[in-house]
Amino acid sequence: MKVVHIIEALGGGVYTYFRDLSTFFGDDEINKNIETTIIYSGNRKEIDAQKIKSEFSDGIKLIQVNMVREFSPVQDLKSTYKLVKELKKINPDVIHLHSSKAGALGRVAYFFLFKKKKLFYTPHGYSFLRTDISKTVKNIYWRIEKNFQRFFGGTIVACGDTEFEIAKGIGNAKLVRNGIDIANVHKHFVSHQNEKLTIGVMGRITFQKNPQFLNHIALKFPDFNFVWIGDGELRPSITAPNIRITGWILERKTVLQELNNIDIYLQISLWEGLPIAVLEAMALQKPVIATNIIGNKDAVLHNKTGFLFSDVSELENFFKILKDPKTRSDFGENALARCHDLFDKNQNFKQLLALYQE
């Protein structure tokens, strides 16, 4: 069986997801029967094509096709043409599309193959949930998702429970949660105590990740230290003196060490699919305080593995509770247990494999 995955941008948590996917499907036992190809676009500053080749399994094939996130008729036409060419060469049995942009271009390319294939689509956070676009544009994106699903068919594979509930209203849907390599992450766990309570955020500094809000929180709590693990175009919006920005770190070991060194993980994004960074923080036994949105609320159990909040005024109480090292430890143990229950990549990729083989 030949399986092709198509993704517009191999960055952030999606990079981690696909690296782990390559390890699972590139395993000698599995790739005896499943030949896996990942077609991706390298349009992210934090992505190094050589690094991808060195970190992804040799048991899968990698192909670059230039795609852009926003609507661009000329570039989108070129991308679709290249996708058709690559898919015709491979002649896959299964095509799995990831993210809204690849979901649109990939389904058009699939149509021009004129051969029926098993078609899967994972939104990783529907584009109509974005809060940086108008209601009119949100409505257009929703109609595109609904009509593409109706016209091209296939199965939506939701990456989180709330995304699954939304997907069922759009078309045929299954749930395969995002997962992580828990053992690989947890081996970087070292118990420690910071002099000042240290709160961390990880990811690209973009509108979605809400850096202005972190700046507001840091100014409101000057006695705490804050760390942003990552970098991005909105870095200048972070000005609070108690926030340290690490910049891009390409060594995964160093990233996980930085993540281990915090006391509390803060996820303040405006929209999500099911955030890998939150799962990694949980695997490092960090209590997570997160905005009460789709994706975050599928990972965090309120008052057990962390807290969900809707207003900045709620944070004072949550920080006060988690100042206690014993409470943080208890929440962290609960978080790790939840990872093992729901977010183990091996169990979740086995579910994906079973879908392909149905």
# chains A, B, ... in the order shown; residues from 1 in each chain; ligands from 1
$ residues_around --residues "stretch 47-59 of chain A" --least-positions-apart "3" --cutoff "8 Å" --atoms "only C-alpha atoms" --output "MDAnalysis selection string"
chainID A and resid 10:11 19:20 22:23 25:28 31 36 42:44 62
$ select_by_dssp --residues "stretch 295-328 of chain A" --states "strand (DSSP E or B)" --output "PyMOL selection string"
chain A and resi 302+306-309
$ residues_around --residues "A:Leu355" --least-positions-apart "2" --cutoff "10 Å" --atoms "only C-alpha atoms" --output "list of chain:residue names"
A:Lys118, A:Phe120, A:Thr155, A:Val157, A:Lys174, A:Val176, A:Phe349, A:Lys350, A:Gln351, A:Leu352, A:Leu353, A:Gln357, A:Glu358
$ write_last_selection --atoms "N, CA and C atoms" --output "PDB file, in the first residue's frame"
ATOM      1  N   LYS A 118      -8.355   6.222  -1.677  1.00  0.00           N
ATOM      2  CA  LYS A 118      -8.840   6.513  -0.330  1.00  0.00           C
ATOM      3  C   LYS A 118      -8.337   7.911   0.033  1.00  0.00           C
ATOM      4  N   PHE A 120      -8.225  11.064   2.863  1.00  0.00           N
ATOM      5  CA  PHE A 120      -8.392  11.496   4.250  1.00  0.00           C
ATOM      6  C   PHE A 120      -7.943  12.947   4.382  1.00  0.00           C
ATOM      7  N   THR A 155     -12.776  11.035   4.037  1.00  0.00           N
ATOM      8  CA  THR A 155     -13.020  10.982   5.480  1.00  0.00           C
ATOM      9  C   THR A 155     -12.208  12.054   6.199  1.00  0.00           C
ATOM     10  N   VAL A 157     -10.323  13.201   9.362  1.00  0.00           N
ATOM     11  CA  VAL A 157      -9.697  12.582  10.538  1.00  0.00           C
ATOM     12  C   VAL A 157      -9.362  13.704  11.516  1.00  0.00           C
ATOM     13  N   LYS A 174     -13.789  10.707  11.556  1.00  0.00           N
ATOM     14  CA  LYS A 174     -13.213   9.788  12.537  1.00  0.00           C
ATOM     15  C   LYS A 174     -12.329  10.599  13.475  1.00  0.00           C
ATOM     16  N   VAL A 176      -8.773  10.564  15.456  1.00  0.00           N
ATOM     17  CA  VAL A 176      -7.444  10.033  15.789  1.00  0.00           C
ATOM     18  C   VAL A 176      -6.675  11.190  16.410  1.00  0.00           C
ATOM     19  N   PHE A 349      -1.052   6.391  16.071  1.00  0.00           N
ATOM     20  CA  PHE A 349      -0.668   6.065  14.693  1.00  0.00           C
ATOM     21  C   PHE A 349      -1.159   4.656  14.298  1.00  0.00           C
ATOM     22  N   LYS A 350      -1.285   3.783  15.283  1.00  0.00           N
ATOM     23  CA  LYS A 350      -1.872   2.456  14.996  1.00  0.00           C
ATOM     24  C   LYS A 350      -3.338   2.612  14.569  1.00  0.00           C
ATOM     25  N   GLN A 351      -4.042   3.550  15.212  1.00  0.00           N
ATOM     26  CA  GLN A 351      -5.431   3.829  14.816  1.00  0.00           C
ATOM     27  C   GLN A 351      -5.476   4.360  13.379  1.00  0.00           C
ATOM     28  N   LEU A 352      -4.509   5.221  13.050  1.00  0.00           N
ATOM     29  CA  LEU A 352      -4.432   5.785  11.699  1.00  0.00           C
ATOM     30  C   LEU A 352      -4.160   4.682  10.682  1.00  0.00           C
ATOM     31  N   LEU A 353      -3.237   3.804  11.004  1.00  0.00           N
ATOM     32  CA  LEU A 353      -2.904   2.681  10.132  1.00  0.00           C
ATOM     33  C   LEU A 353      -4.140   1.799   9.891  1.00  0.00           C
ATOM     34  N   GLN A 357      -6.155   0.827   6.319  1.00  0.00           N
ATOM     35  CA  GLN A 357      -6.292  -0.573   5.894  1.00  0.00           C
ATOM     36  C   GLN A 357      -7.729  -1.055   5.844  1.00  0.00           C
ATOM     37  N   GLU A 358      -8.684  -0.214   6.287  1.00  0.00           N
ATOM     38  CA  GLU A 358     -10.098  -0.627   6.265  1.00  0.00           C
ATOM     39  C   GLU A 358     -10.579  -0.938   4.866  1.00  0.00           C
TER      40      GLU A 358
END
$ residues_around --residues "stretch 234-244 of chain A" --least-positions-apart "4" --cutoff "12 Å" --atoms "only C-alpha atoms" --output "PDB file with C-alpha atoms, in the first residue's frame"
ATOM      1  CA  LYS A 196      11.167  32.772  41.065  1.00  0.00           C
ATOM      2  CA  LEU A 197       8.072  31.075  39.666  1.00  0.00           C
ATOM      3  CA  THR A 198       8.852  30.645  35.968  1.00  0.00           C
ATOM      4  CA  ILE A 199       6.104  30.402  33.381  1.00  0.00           C
ATOM      5  CA  GLY A 200       6.804  29.275  29.823  1.00  0.00           C
ATOM      6  CA  VAL A 201       5.268  29.511  26.368  1.00  0.00           C
ATOM      7  CA  MET A 202       6.548  27.626  23.319  1.00  0.00           C
ATOM      8  CA  GLY A 203       6.005  28.206  19.604  1.00  0.00           C
ATOM      9  CA  ARG A 204       6.198  30.721  16.820  1.00  0.00           C
ATOM     10  CA  ILE A 205       5.545  34.314  17.934  1.00  0.00           C
ATOM     11  CA  THR A 206       2.508  34.965  15.727  1.00  0.00           C
ATOM     12  CA  PHE A 207      -0.955  36.475  16.094  1.00  0.00           C
ATOM     13  CA  GLN A 208      -2.426  33.009  16.753  1.00  0.00           C
ATOM     14  CA  LYS A 209      -0.130  32.499  19.755  1.00  0.00           C
ATOM     15  CA  ASN A 210      -1.205  35.850  21.267  1.00  0.00           C
ATOM     16  CA  PRO A 211       2.148  37.447  22.258  1.00  0.00           C
ATOM     17  CA  GLN A 212       0.563  40.796  23.200  1.00  0.00           C
ATOM     18  CA  PHE A 213      -1.500  38.960  25.794  1.00  0.00           C
ATOM     19  CA  LEU A 214       1.615  37.342  27.273  1.00  0.00           C
ATOM     20  CA  ASN A 215       3.162  40.794  27.506  1.00  0.00           C
ATOM     21  CA  HIS A 216       0.057  42.019  29.353  1.00  0.00           C
ATOM     22  CA  ILE A 217       0.186  39.048  31.761  1.00  0.00           C
ATOM     23  CA  ALA A 218       3.908  39.527  32.452  1.00  0.00           C
ATOM     24  CA  LEU A 219       3.392  43.216  33.280  1.00  0.00           C
ATOM     25  CA  LYS A 220       0.515  42.253  35.576  1.00  0.00           C
ATOM     26  CA  PHE A 221       2.719  39.736  37.432  1.00  0.00           C
ATOM     27  CA  PRO A 222       6.153  41.403  37.715  1.00  0.00           C
ATOM     28  CA  ASP A 223       7.291  39.012  40.483  1.00  0.00           C
ATOM     29  CA  PHE A 224       7.264  36.038  38.092  1.00  0.00           C
ATOM     30  CA  ASN A 225       9.667  35.178  35.286  1.00  0.00           C
ATOM     31  CA  PHE A 226       8.333  34.345  31.820  1.00  0.00           C
ATOM     32  CA  VAL A 227      10.073  32.534  28.961  1.00  0.00           C
ATOM     33  CA  TRP A 228       9.009  32.334  25.316  1.00  0.00           C
ATOM     34  CA  ILE A 229      10.712  29.326  23.716  1.00  0.00           C
ATOM     35  CA  GLY A 230      10.795  30.258  20.026  1.00  0.00           C
ATOM     36  CA  TRP A 248      14.851  29.756  17.413  1.00  0.00           C
ATOM     37  CA  GLU A 258      14.231  24.821  28.238  1.00  0.00           C
ATOM     38  CA  ILE A 262       9.877  26.125  33.655  1.00  0.00           C
TER      39      ILE A 262
END
$ closest_atom_pairs --of "stretch 308-330 of chain A" --to "stretch 282-302 of chain A" --cutoff "7 Å" --atoms "only C-alpha atoms" --output "tab-separated table"
residue	atom	partner	partner_atom	distance
A:Leu308	CA	A:Ala290	CA	5.0
A:Phe309	CA	A:Thr291	CA	5.0
A:Ser310	CA	A:Asn292	CA	5.8
A:Arg328	CA	A:Pro287	CA	6.1
$ residues_around --residues "stretch 333-344 of chain A" --least-positions-apart "3" --cutoff "7 Å" --atoms "only C-alpha atoms" --output "list of chain:residue names"
A:Arg177, A:Asn178, A:Gly179, A:Ile180, A:Asp181, A:Ile182, A:Leu279, A:Met282, A:Ala283, A:Gln285, A:Pro287, A:Lys304, A:Thr305, A:Ser329, A:Asp330, A:Gln347, A:Asn348
$ atom_distance --atom1 "atom CA of A:Arg107" --atom2 "atom CA of A:Trp142"
15.9 Å
$ closest_residue --among "A:Phe319, A:Ser269, A:Gln64, A:Ser313" --to "A:Asp132" --atoms "only C-alpha atoms"
A:Ser269
$ atom_distance --atom1 "atom CA of A:Gly103" --atom2 "atom CA of A:Arg252"
28.6 Å
$ decode --residues "stretch 260-351 of chain A" --atoms "C-alpha atoms" --output "compact mmCIF listing (two decimals), in the first residue's frame"
# COMPACT_ATOMS: atom_id res chain seq x y z
CA ASN A 260 11.76 21.28 31.56
CA ASN A 261 13.23 24.34 33.31
CA ILE A 262 9.88 26.12 33.65
CA ASP A 263 7.40 25.61 36.52
CA ILE A 264 4.11 26.19 34.67
CA TYR A 265 3.27 26.00 30.97
CA LEU A 266 1.00 28.75 29.62
CA GLN A 267 -0.99 28.23 26.41
CA ILE A 268 -2.74 31.47 25.44
CA SER A 269 -3.37 30.83 21.75
CA LEU A 270 -6.52 32.17 20.08
CA TRP A 271 -7.31 28.99 18.12
CA GLU A 272 -5.83 25.47 17.93
CA GLY A 273 -6.28 21.95 16.61
CA LEU A 274 -4.72 19.91 19.43
CA PRO A 275 -1.45 21.64 20.42
CA ILE A 276 1.63 19.41 20.46
CA ALA A 277 3.47 21.90 22.71
CA VAL A 278 0.87 21.40 25.45
CA LEU A 279 1.24 17.61 25.19
CA GLU A 280 5.04 17.89 25.45
CA ALA A 281 4.71 20.12 28.52
CA MET A 282 2.36 17.55 30.07
CA ALA A 283 4.84 14.76 29.31
CA LEU A 284 7.44 16.82 31.23
CA GLN A 285 4.99 16.92 34.14
CA LYS A 286 4.19 20.62 33.88
CA PRO A 287 0.80 21.91 35.02
CA VAL A 288 -0.77 23.79 32.09
CA ILE A 289 -2.82 26.98 32.28
CA ALA A 290 -4.58 27.48 28.95
CA THR A 291 -7.19 29.62 27.26
CA ASN A 292 -10.52 27.79 27.20
CA ILE A 293 -10.66 27.16 23.45
CA ILE A 294 -10.94 24.20 21.06
CA GLY A 295 -7.80 22.10 21.27
CA ASN A 296 -6.58 23.42 24.61
CA LYS A 297 -9.67 22.15 26.42
CA ASP A 298 -9.23 18.73 24.78
CA ALA A 299 -5.78 18.40 26.37
CA VAL A 300 -6.10 20.11 29.77
CA LEU A 301 -8.35 18.73 32.51
CA HIS A 302 -9.44 21.73 34.58
CA ASN A 303 -8.30 21.56 38.22
CA LYS A 304 -6.55 18.22 37.63
CA THR A 305 -3.76 18.68 35.06
CA GLY A 306 -3.98 22.48 35.04
CA PHE A 307 -6.55 25.21 34.55
CA LEU A 308 -8.62 26.64 31.71
CA PHE A 309 -9.41 30.34 31.73
CA SER A 310 -11.39 32.89 29.74
CA ASP A 311 -10.31 36.14 31.43
CA VAL A 312 -6.98 37.43 32.72
CA SER A 313 -8.57 38.10 36.12
CA GLU A 314 -8.72 34.34 36.74
CA LEU A 315 -4.96 33.94 36.54
CA GLU A 316 -4.10 35.38 39.95
CA ASN A 317 -5.91 32.56 41.74
CA PHE A 318 -4.45 29.86 39.48
CA PHE A 319 -0.89 31.16 39.90
CA LYS A 320 -1.46 31.32 43.67
CA ILE A 321 -2.56 27.66 43.74
CA LEU A 322 0.37 26.54 41.58
CA LYS A 323 2.96 28.46 43.60
CA ASP A 324 2.96 25.43 45.89
CA PRO A 325 5.58 22.91 44.61
CA LYS A 326 3.58 19.93 45.91
CA THR A 327 0.47 21.04 44.02
CA ARG A 328 2.52 21.52 40.85
CA SER A 329 3.98 18.05 41.29
CA ASP A 330 0.52 16.47 41.73
CA PHE A 331 -0.87 18.28 38.68
CA GLY A 332 2.24 17.27 36.70
CA GLU A 333 1.83 13.59 37.57
CA ASN A 334 -1.82 13.78 36.48
CA ALA A 335 -0.72 15.42 33.21
CA LEU A 336 1.77 12.65 32.45
CA ALA A 337 -0.85 9.98 33.19
CA ARG A 338 -3.32 11.72 30.85
CA CYS A 339 -0.66 11.69 28.10
CA HIS A 340 -0.23 7.94 28.49
CA ASP A 341 -4.03 7.44 28.40
CA LEU A 342 -4.84 9.55 25.32
CA PHE A 343 -1.84 11.03 23.58
CA ASP A 344 0.65 8.21 22.96
CA LYS A 345 1.80 8.55 19.34
CA ASN A 346 2.25 4.79 18.87
CA GLN A 347 -1.31 4.00 19.89
CA ASN A 348 -2.70 6.88 17.83
CA PHE A 349 -0.67 6.06 14.69
CA LYS A 350 -1.87 2.46 15.00
CA GLN A 351 -5.43 3.83 14.82
